[in-house]
Amino acid sequence: MKKSAVYWLLLPGFVFLAAFMVIPIVLTIGSTFVQENAFTLDGYLHFFKDPYFLKILLTTLQVSVVTTLVCVVLGFPTAYYISRKAPRRKGILLALAIFPLLTSPVVRSFSWMIILGRKGLINNALVGLGLIDQPLDILYTPAAMMIGLTHLFLPLMIISLVGVLENIDQDLLKAAQSLGASRFTAFRRVVFPLAVPGLVIGAVLVFVGSLTAYTTPALLGGKQRVIATFLYQNAMTLNDWYLASVIAAIMIAITFIVVGVMNRMAKTLNPKG
Amino acid sequence: MMKKWLSGVTAVVMTSVLLAGCGGAGNTSDNETAGDTGGSAAAPTKLVVSTWGFSEDFFNEEVFGPFEKEHNVDIVVEVGNNAERLNKVRQGTSEVDVIYLSDYYAQQAIDEGLFEFIDRANIPNVNDIYEIAQAPLGENYGPAYTVGQLGIAYNPNLVSIEVSSWSDLWDPAFANNLTMPNITATAGPMVVDAASYAAGKDSFDEEAAFAKLQELSGNIVKFYSQTSEFVNMFAQEEIAGGPIMEMYFKDLQVAVPDAKFVTPSEGGYAVMNTINVVKGTKNKELAEKFINWQLSQEVQTASAKAKVDSPVNTKVELTAEEAEGITYGAELVESLNKLDMEFVNRKAKEWTDRWNREIAR
């Protein structure tokens, strides 16, 4: 086969992505700059000048950042442990780790409602032990959203990290230790920098996933909105497609900014990666 | 070997993430039956009916089935909530002939010119239904086939007072254990109206209503958009009560046998579900016959006895037991407060904004 002919194989995928992703996104974003046939930035100015919209954006970012950090803290040790195991074991452990992703978000959120509620497992235990008099309000708060999202996205972090951690040569650690590094120093100066690419991929996936999640915040969150539920209200119940498009464009912009910043951080942490 | 395994796992994960993302919206389904019926009879006419999708078995057996047989029709059902289905009609992406919508959403469709004018001559049963239901949105548009009431349900084990009025929702007994319908739900504007009463106004006063509702802000655990959310929170004792449609009270009783439902002294609110013919249908007359059938004594009795919908047909007769949990009886139905849906719709956007900023915080 001629080399140029190979490119034709890309055509179906290219056409599919162009027709169903690139063009719709360009049209959506493009429409936010046009009102009454004239170029305008009003949609965005209106959004960023309004404390109410900004509060929704801030809550969403807060929830996403905390979720990402918690996923890093919980995911790294787990991934490190899994990556050290023999292949057979590793397979089983990985399958267990991704299990949360295989259940529906609705079912998962309902389980959390039962655990976090006023009459839930946690509150019953705390009240029963005499640690508190009144049940804590956990369900229908941002904390409940963070818990639900961490449960949902932790597997993505673990998988991304296992992917890089298992490729780190054990001999590197032995070499570091033979040159006098403690186990902790060897981890900090050798394993961690090499794991940064996986960490970045995992963090981007978790962050973007949390930023755009709808079902979990809708079920576990209370009165406070996040940007995805706000978008849904505007599009589906208020039929305000203009504001919905502005929100969508802002979400896309945030995603790109976050990916850019993460990549830059990765370069600083691991210059050779 | 391990690599292959890992990429397999990753593929599964990616797919499930995608599926998880769709989970929220993917509840639309068609009930399309095979078009090929065979035999010598003429091919059946296709009638697309858009409805909520609750009590599907009942509708298939008692409403759609008999109509299909009698008129040689093949009914195709589209399901979803009010907003989703109305949006589909707006965008013209579906071929809906007949649509079930609450009056709040039906009025939006009317304002946007999405409905045909109906010919009441084809719907003689309309004369047998309560006056309030005959032409809730004007003579040109479809009737309400059911009138339910919005009242207050509460758990007497958690609420120390006897609830009898809308203003009881402001009692400290409901501190931090109350739910309210979201403003975008059909019952949302009714609560705004009730708040005006609670503020001591005889005629509707928007400022007083919103100020009064703001007092409740701290007491509300969560706003509900679907009645199932109310039922869940009630069952888990996350809430002690709130405004709810009487039709769903039986679900509350399953969870909390002591639960009480009251029609507040200022009156409950009429929740009217209408049935209309969508503009551009090729089967207008058939659609009108379908509406007539939905209003018939036969269907209305069956749906009341199955506790699917409260009846509007005055010929429906129920025993006290059969009437339990549904809104029944001319006296009660005619006593319900009815909102001016045109007014509500003009205000919808403004109210939603105020509600979001002032109350849902």
# chains A, B, ... in the order shown; residues from 1 in each chain; ligands from 1
$ interface_residues --of "chain B" --to "chain A" --cutoff "6 Å" --atoms "only C-alpha atoms" --output "PyMOL selection string"
chain B and resi 24+83+222+360-361
$ write_last_selection --atoms "N, CA, C and O atoms" --output "tab-separated table (two decimals), in the first residue's frame"
chain	number	residue	atom	x	y	z
B	24	GLY	N	-28.05	10.42	33.21
B	24	GLY	CA	-29.07	11.36	33.66
B	24	GLY	C	-30.19	11.56	32.67
B	24	GLY	O	-31.33	11.76	33.07
B	83	ALA	N	-40.83	19.12	30.51
B	83	ALA	CA	-39.89	20.02	29.84
B	83	ALA	C	-39.22	19.35	28.64
B	83	ALA	O	-39.14	19.93	27.56
B	222	LYS	N	-33.83	20.70	50.72
B	222	LYS	CA	-33.57	20.57	49.29
B	222	LYS	C	-34.86	20.87	48.54
B	222	LYS	O	-35.94	20.59	49.04
B	360	ALA	N	-33.27	29.89	46.81
B	360	ALA	CA	-32.50	28.65	46.68
B	360	ALA	C	-31.02	28.91	46.92
B	360	ALA	O	-30.21	28.76	46.02
B	361	ARG	N	-30.68	29.35	48.11
B	361	ARG	CA	-29.28	29.66	48.36
B	361	ARG	C	-28.68	28.72	49.37
B	361	ARG	O	-29.36	28.15	50.18
$ atom_distance --atom1 "atom CA of B:Thr263" --atom2 "atom CA of B:Ser102"
20.4 Å
$ residues_around --residues "B:Ala144" --least-positions-apart "5" --cutoff "12 Å" --atoms "only C-alpha atoms" --output "count of residues only"
37
$ residues_around --residues "B:Ile161" --least-positions-apart "5" --cutoff "10 Å" --atoms "only C-alpha atoms" --output "ChimeraX atom specification"
/B:156,168,171-174
$ write_last_selection --atoms "N, CA and C atoms" --output "PDB file, in the first residue's frame"
ATOM      1  N   PRO B 156     -46.366  13.255  61.226  1.00  0.00           N
ATOM      2  CA  PRO B 156     -46.745  13.762  62.550  1.00  0.00           C
ATOM      3  C   PRO B 156     -45.778  13.341  63.655  1.00  0.00           C
ATOM      4  N   ASP B 168     -48.692  27.330  58.101  1.00  0.00           N
ATOM      5  CA  ASP B 168     -48.059  26.410  59.053  1.00  0.00           C
ATOM      6  C   ASP B 168     -46.678  25.952  58.586  1.00  0.00           C
ATOM      7  N   ASP B 171     -44.032  27.539  60.490  1.00  0.00           N
ATOM      8  CA  ASP B 171     -43.935  27.247  61.917  1.00  0.00           C
ATOM      9  C   ASP B 171     -42.547  26.658  62.228  1.00  0.00           C
ATOM     10  N   PRO B 172     -41.988  26.997  63.406  1.00  0.00           N
ATOM     11  CA  PRO B 172     -40.673  26.432  63.772  1.00  0.00           C
ATOM     12  C   PRO B 172     -40.658  24.901  63.770  1.00  0.00           C
ATOM     13  N   ALA B 173     -41.826  24.285  63.828  1.00  0.00           N
ATOM     14  CA  ALA B 173     -41.873  22.818  63.793  1.00  0.00           C
ATOM     15  C   ALA B 173     -41.245  22.270  62.511  1.00  0.00           C
ATOM     16  N   PHE B 174     -41.184  23.104  61.468  1.00  0.00           N
ATOM     17  CA  PHE B 174     -40.597  22.656  60.207  1.00  0.00           C
ATOM     18  C   PHE B 174     -39.158  23.145  60.025  1.00  0.00           C
TER      19      PHE B 174
END
$ atom_distance --atom1 "atom CA of A:Val190" --atom2 "atom CA of A:Leu173"
7.2 Å
$ atom_distance --atom1 "atom CA of A:Asp133" --atom2 "atom CA of B:Leu178"
20.7 Å
$ select_by_dssp --residues "stretch 59-166 of chain A" --states "alpha helix (DSSP H)" --output "mmCIF file with N, CA and C atoms, in the first residue's frame"
data_model
loop_
_atom_site.group_PDB
_atom_site.id
_atom_site.type_symbol
_atom_site.label_atom_id
_atom_site.label_comp_id
_atom_site.auth_asym_id
_atom_site.auth_seq_id
_atom_site.Cartn_x
_atom_site.Cartn_y
_atom_site.Cartn_z
ATOM 1 N N THR A 59 -18.378 27.445 43.521
ATOM 2 C CA THR A 59 -18.733 26.192 44.199
ATOM 3 C C THR A 59 -18.272 25.004 43.367
ATOM 4 N N THR A 60 -18.531 25.072 42.044
ATOM 5 C CA THR A 60 -18.161 23.963 41.171
ATOM 6 C C THR A 60 -16.655 23.741 41.177
ATOM 7 N N LEU A 61 -15.888 24.838 41.062
ATOM 8 C CA LEU A 61 -14.429 24.710 41.038
ATOM 9 C C LEU A 61 -13.914 24.148 42.359
ATOM 10 N N GLN A 62 -14.511 24.657 43.457
ATOM 11 C CA GLN A 62 -14.126 24.182 44.775
ATOM 12 C C GLN A 62 -14.323 22.670 44.891
ATOM 13 N N VAL A 63 -15.518 22.225 44.522
ATOM 14 C CA VAL A 63 -15.837 20.798 44.608
ATOM 15 C C VAL A 63 -14.876 20.003 43.735
ATOM 16 N N SER A 64 -14.590 20.500 42.519
ATOM 17 C CA SER A 64 -13.731 19.758 41.593
ATOM 18 C C SER A 64 -12.295 19.691 42.113
ATOM 19 N N VAL A 65 -11.793 20.800 42.641
ATOM 20 C CA VAL A 65 -10.408 20.814 43.129
ATOM 21 C C VAL A 65 -10.260 19.865 44.320
ATOM 22 N N VAL A 66 -11.185 19.973 45.279
ATOM 23 C CA VAL A 66 -11.093 19.099 46.454
ATOM 24 C C VAL A 66 -11.186 17.636 46.032
ATOM 25 N N THR A 67 -12.122 17.330 45.142
ATOM 26 C CA THR A 67 -12.268 15.954 44.677
ATOM 27 C C THR A 67 -10.968 15.460 44.052
ATOM 28 N N THR A 68 -10.348 16.300 43.228
ATOM 29 C CA THR A 68 -9.105 15.903 42.570
ATOM 30 C C THR A 68 -8.011 15.640 43.605
ATOM 31 N N LEU A 69 -7.873 16.544 44.572
ATOM 32 C CA LEU A 69 -6.821 16.362 45.590
ATOM 33 C C LEU A 69 -7.060 15.089 46.398
ATOM 34 N N VAL A 70 -8.293 14.874 46.801
ATOM 35 C CA VAL A 70 -8.589 13.664 47.581
ATOM 36 C C VAL A 70 -8.285 12.424 46.743
ATOM 37 N N CYS A 71 -8.605 12.470 45.447
ATOM 38 C CA CYS A 71 -8.325 11.327 44.579
ATOM 39 C C CYS A 71 -6.814 11.075 44.478
ATOM 40 N N VAL A 72 -6.020 12.154 44.440
ATOM 41 C CA VAL A 72 -4.566 11.977 44.383
ATOM 42 C C VAL A 72 -4.089 11.310 45.669
ATOM 43 N N VAL A 73 -4.550 11.838 46.801
ATOM 44 C CA VAL A 73 -4.086 11.327 48.092
ATOM 45 C C VAL A 73 -4.494 9.866 48.284
ATOM 46 N N LEU A 74 -5.721 9.539 47.912
ATOM 47 C CA LEU A 74 -6.170 8.158 48.089
ATOM 48 C C LEU A 74 -5.657 7.248 46.974
ATOM 49 N N GLY A 75 -5.509 7.824 45.790
ATOM 50 C CA GLY A 75 -5.185 6.998 44.619
ATOM 51 C C GLY A 75 -3.728 6.600 44.540
ATOM 52 N N PHE A 76 -2.825 7.483 44.970
ATOM 53 C CA PHE A 76 -1.399 7.191 44.791
ATOM 54 C C PHE A 76 -0.959 5.938 45.550
ATOM 55 N N PRO A 77 -1.218 5.878 46.869
ATOM 56 C CA PRO A 77 -0.791 4.666 47.593
ATOM 57 C C PRO A 77 -1.433 3.402 47.012
ATOM 58 N N THR A 78 -2.713 3.502 46.680
ATOM 59 C CA THR A 78 -3.409 2.334 46.139
ATOM 60 C C THR A 78 -2.747 1.877 44.843
ATOM 61 N N ALA A 79 -2.484 2.843 43.955
ATOM 62 C CA ALA A 79 -1.897 2.511 42.660
ATOM 63 C C ALA A 79 -0.491 1.942 42.850
ATOM 64 N N TYR A 80 0.242 2.510 43.789
ATOM 65 C CA TYR A 80 1.611 2.042 44.044
ATOM 66 C C TYR A 80 1.579 0.594 44.520
ATOM 67 N N TYR A 81 0.656 0.335 45.418
ATOM 68 C CA TYR A 81 0.503 -1.026 45.949
ATOM 69 C C TYR A 81 0.145 -1.995 44.821
ATOM 70 N N ILE A 82 -0.833 -1.613 44.016
ATOM 71 C CA ILE A 82 -1.276 -2.504 42.935
ATOM 72 C C ILE A 82 -0.135 -2.752 41.954
ATOM 73 N N SER A 83 0.616 -1.697 41.638
ATOM 74 C CA SER A 83 1.650 -1.833 40.603
ATOM 75 C C SER A 83 2.782 -2.764 41.031
ATOM 76 N N PRO A 87 1.346 -10.024 38.065
ATOM 77 C CA PRO A 87 0.311 -9.719 37.070
ATOM 78 C C PRO A 87 -1.081 -10.253 37.401
ATOM 79 N N ARG A 88 -1.181 -11.493 37.825
ATOM 80 C CA ARG A 88 -2.494 -12.084 38.109
ATOM 81 C C ARG A 88 -3.228 -11.303 39.192
ATOM 82 N N ARG A 89 -2.531 -11.095 40.279
ATOM 83 C CA ARG A 89 -3.069 -10.339 41.411
ATOM 84 C C ARG A 89 -3.462 -8.937 40.974
ATOM 85 N N LYS A 90 -2.557 -8.340 40.185
ATOM 86 C CA LYS A 90 -2.750 -6.972 39.730
ATOM 87 C C LYS A 90 -4.080 -6.859 38.985
ATOM 88 N N GLY A 91 -4.317 -7.865 38.126
ATOM 89 C CA GLY A 91 -5.567 -7.855 37.355
ATOM 90 C C GLY A 91 -6.775 -7.841 38.266
ATOM 91 N N ILE A 92 -6.748 -8.701 39.269
ATOM 92 C CA ILE A 92 -7.898 -8.785 40.188
ATOM 93 C C ILE A 92 -8.077 -7.481 40.947
ATOM 94 N N LEU A 93 -6.958 -6.954 41.464
ATOM 95 C CA LEU A 93 -7.048 -5.713 42.236
ATOM 96 C C LEU A 93 -7.540 -4.541 41.381
ATOM 97 N N LEU A 94 -7.059 -4.487 40.142
ATOM 98 C CA LEU A 94 -7.507 -3.410 39.252
ATOM 99 C C LEU A 94 -9.007 -3.517 38.973
ATOM 100 N N ALA A 95 -9.445 -4.749 38.748
ATOM 101 C CA ALA A 95 -10.870 -4.952 38.477
ATOM 102 C C ALA A 95 -11.700 -4.466 39.663
ATOM 103 N N LEU A 96 -11.206 -4.775 40.879
ATOM 104 C CA LEU A 96 -11.924 -4.306 42.072
ATOM 105 C C LEU A 96 -11.917 -2.778 42.146
ATOM 106 N N ALA A 97 -10.769 -2.199 41.767
ATOM 107 C CA ALA A 97 -10.641 -0.744 41.868
ATOM 108 C C ALA A 97 -11.592 -0.023 40.918
ATOM 109 N N ILE A 98 -11.819 -0.602 39.736
ATOM 110 C CA ILE A 98 -12.692 0.103 38.781
ATOM 111 C C ILE A 98 -14.155 -0.241 38.988
ATOM 112 N N PRO A 105 -24.643 5.725 38.087
ATOM 113 C CA PRO A 105 -24.468 6.839 39.028
ATOM 114 C C PRO A 105 -25.687 7.019 39.923
ATOM 115 N N VAL A 106 -26.844 6.639 39.432
ATOM 116 C CA VAL A 106 -28.059 6.794 40.228
ATOM 117 C C VAL A 106 -28.019 5.826 41.414
ATOM 118 N N VAL A 107 -27.679 4.570 41.119
ATOM 119 C CA VAL A 107 -27.605 3.563 42.182
ATOM 120 C C VAL A 107 -26.545 3.958 43.200
ATOM 121 N N ARG A 108 -25.386 4.401 42.684
ATOM 122 C CA ARG A 108 -24.290 4.781 43.556
ATOM 123 C C ARG A 108 -24.712 5.931 44.472
ATOM 124 N N SER A 109 -25.385 6.931 43.881
ATOM 125 C CA SER A 109 -25.796 8.085 44.684
ATOM 126 C C SER A 109 -26.834 7.692 45.732
ATOM 127 N N PHE A 110 -27.725 6.781 45.376
ATOM 128 C CA PHE A 110 -28.721 6.355 46.361
ATOM 129 C C PHE A 110 -28.062 5.650 47.538
ATOM 130 N N SER A 111 -26.994 4.882 47.258
ATOM 131 C CA SER A 111 -26.313 4.225 48.381
ATOM 132 C C SER A 111 -25.732 5.284 49.313
ATOM 133 N N TRP A 112 -25.180 6.335 48.716
ATOM 134 C CA TRP A 112 -24.615 7.391 49.561
ATOM 135 C C TRP A 112 -25.689 8.110 50.353
ATOM 136 N N MET A 113 -26.879 8.248 49.768
ATOM 137 C CA MET A 113 -27.969 8.878 50.516
ATOM 138 C C MET A 113 -28.257 8.089 51.785
ATOM 139 N N ILE A 114 -28.228 6.759 51.645
ATOM 140 C CA ILE A 114 -28.529 5.908 52.799
ATOM 141 C C ILE A 114 -27.413 5.997 53.833
ATOM 142 N N ILE A 115 -26.177 6.142 53.352
ATOM 143 C CA ILE A 115 -25.050 6.188 54.284
ATOM 144 C C ILE A 115 -24.945 7.549 54.974
ATOM 145 N N LEU A 116 -25.173 8.626 54.195
ATOM 146 C CA LEU A 116 -24.886 9.967 54.711
ATOM 147 C C LEU A 116 -26.078 10.652 55.370
ATOM 148 N N LEU A 121 -26.175 5.516 58.092
ATOM 149 C CA LEU A 121 -25.174 4.705 58.789
ATOM 150 C C LEU A 121 -24.247 5.554 59.667
ATOM 151 N N ILE A 122 -23.689 6.605 59.044
ATOM 152 C CA ILE A 122 -22.682 7.396 59.758
ATOM 153 C C ILE A 122 -23.295 8.103 60.959
ATOM 154 N N ASN A 123 -24.418 8.781 60.724
ATOM 155 C CA ASN A 123 -25.046 9.512 61.819
ATOM 156 C C ASN A 123 -25.542 8.583 62.925
ATOM 157 N N ASN A 124 -26.100 7.439 62.537
ATOM 158 C CA ASN A 124 -26.549 6.486 63.545
ATOM 159 C C ASN A 124 -25.393 6.019 64.413
ATOM 160 N N ALA A 125 -24.263 5.769 63.754
ATOM 161 C CA ALA A 125 -23.098 5.305 64.501
ATOM 162 C C ALA A 125 -22.606 6.397 65.456
ATOM 163 N N LEU A 126 -22.491 7.617 64.943
ATOM 164 C CA LEU A 126 -21.970 8.707 65.775
ATOM 165 C C LEU A 126 -22.892 9.001 66.948
ATOM 166 N N VAL A 127 -24.202 9.022 66.668
ATOM 167 C CA VAL A 127 -25.159 9.286 67.746
ATOM 168 C C VAL A 127 -25.151 8.123 68.730
ATOM 169 N N GLY A 128 -25.103 6.898 68.205
ATOM 170 C CA GLY A 128 -25.108 5.705 69.041
ATOM 171 C C GLY A 128 -23.899 5.663 69.973
ATOM 172 N N PRO A 142 -22.161 20.429 49.920
ATOM 173 C CA PRO A 142 -21.045 20.207 48.989
ATOM 174 C C PRO A 142 -20.190 19.008 49.401
ATOM 175 N N ALA A 143 -20.072 18.758 50.713
ATOM 176 C CA ALA A 143 -19.269 17.618 51.164
ATOM 177 C C ALA A 143 -19.809 16.315 50.579
ATOM 178 N N ALA A 144 -21.133 16.184 50.525
ATOM 179 C CA ALA A 144 -21.735 14.965 49.970
ATOM 180 C C ALA A 144 -21.390 14.835 48.491
ATOM 181 N N MET A 145 -21.387 15.962 47.774
ATOM 182 C CA MET A 145 -21.013 15.928 46.358
ATOM 183 C C MET A 145 -19.584 15.444 46.206
ATOM 184 N N MET A 146 -18.690 15.981 47.056
ATOM 185 C CA MET A 146 -17.273 15.600 46.958
ATOM 186 C C MET A 146 -17.101 14.114 47.226
ATOM 187 N N ILE A 147 -17.809 13.607 48.217
ATOM 188 C CA ILE A 147 -17.701 12.182 48.540
ATOM 189 C C ILE A 147 -18.181 11.345 47.353
ATOM 190 N N GLY A 148 -19.320 11.704 46.812
ATOM 191 C CA GLY A 148 -19.877 10.952 45.683
ATOM 192 C C GLY A 148 -18.964 11.004 44.468
ATOM 193 N N LEU A 149 -18.396 12.178 44.181
ATOM 194 C CA LEU A 149 -17.535 12.322 43.009
ATOM 195 C C LEU A 149 -16.207 11.597 43.202
ATOM 196 N N THR A 150 -15.686 11.621 44.433
ATOM 197 C CA THR A 150 -14.447 10.886 44.696
ATOM 198 C C THR A 150 -14.670 9.396 44.456
ATOM 199 N N HIS A 151 -15.788 8.901 44.938
ATOM 200 C CA HIS A 151 -16.135 7.496 44.737
ATOM 201 C C HIS A 151 -16.196 7.176 43.246
ATOM 202 N N LEU A 152 -16.776 8.102 42.487
ATOM 203 C CA LEU A 152 -16.952 7.870 41.049
ATOM 204 C C LEU A 152 -15.628 7.924 40.297
ATOM 205 N N PHE A 153 -14.767 8.895 40.617
ATOM 206 C CA PHE A 153 -13.613 9.156 39.755
ATOM 207 C C PHE A 153 -12.292 8.607 40.266
ATOM 208 N N LEU A 154 -12.250 8.140 41.513
ATOM 209 C CA LEU A 154 -11.011 7.567 42.036
ATOM 210 C C LEU A 154 -10.431 6.478 41.109
ATOM 211 N N PRO A 155 -11.264 5.601 40.559
ATOM 212 C CA PRO A 155 -10.728 4.577 39.663
ATOM 213 C C PRO A 155 -9.932 5.155 38.489
ATOM 214 N N LEU A 156 -10.347 6.294 37.954
ATOM 215 C CA LEU A 156 -9.613 6.889 36.835
ATOM 216 C C LEU A 156 -8.200 7.266 37.266
ATOM 217 N N MET A 157 -8.098 7.808 38.488
ATOM 218 C CA MET A 157 -6.796 8.188 39.017
ATOM 219 C C MET A 157 -5.928 6.953 39.208
ATOM 220 N N ILE A 158 -6.516 5.912 39.793
ATOM 221 C CA ILE A 158 -5.747 4.694 40.064
ATOM 222 C C ILE A 158 -5.222 4.084 38.762
ATOM 223 N N ILE A 159 -6.091 3.991 37.765
ATOM 224 C CA ILE A 159 -5.669 3.373 36.503
ATOM 225 C C ILE A 159 -4.558 4.180 35.836
ATOM 226 N N SER A 160 -4.727 5.507 35.823
ATOM 227 C CA SER A 160 -3.684 6.327 35.190
ATOM 228 C C SER A 160 -2.350 6.133 35.897
ATOM 229 N N LEU A 161 -2.389 6.056 37.215
ATOM 230 C CA LEU A 161 -1.148 5.933 37.976
ATOM 231 C C LEU A 161 -0.547 4.538 37.849
ATOM 232 N N VAL A 162 -1.376 3.507 37.882
ATOM 233 C CA VAL A 162 -0.843 2.152 37.743
ATOM 234 C C VAL A 162 -0.113 2.039 36.418
ATOM 235 N N GLY A 163 -0.681 2.648 35.377
ATOM 236 C CA GLY A 163 -0.070 2.607 34.050
ATOM 237 C C GLY A 163 1.375 3.084 34.048
ATOM 238 N N VAL A 164 1.669 4.180 34.761
ATOM 239 C CA VAL A 164 3.065 4.656 34.760
ATOM 240 C C VAL A 164 3.897 3.972 35.832
ATOM 241 N N LEU A 165 3.296 3.708 36.988
ATOM 242 C CA LEU A 165 4.076 3.148 38.095
ATOM 243 C C LEU A 165 4.623 1.766 37.765
#
$ select_by_dssp --residues "stretch 10-146 of chain A" --states "strand (DSSP E)" --output "JSON, numbers by chain"
{"A": [34, 35, 38, 39]}
$ residues_around --residues "A:Asn270" --least-positions-apart "2" --cutoff "12 Å" --atoms "only C-alpha atoms" --output "JSON, numbers by chain"
{"A": [188, 189, 190, 191, 192, 193, 194, 195, 196, 197, 198, 199, 200, 262, 263, 264, 265, 266, 267, 268, 272, 273]}
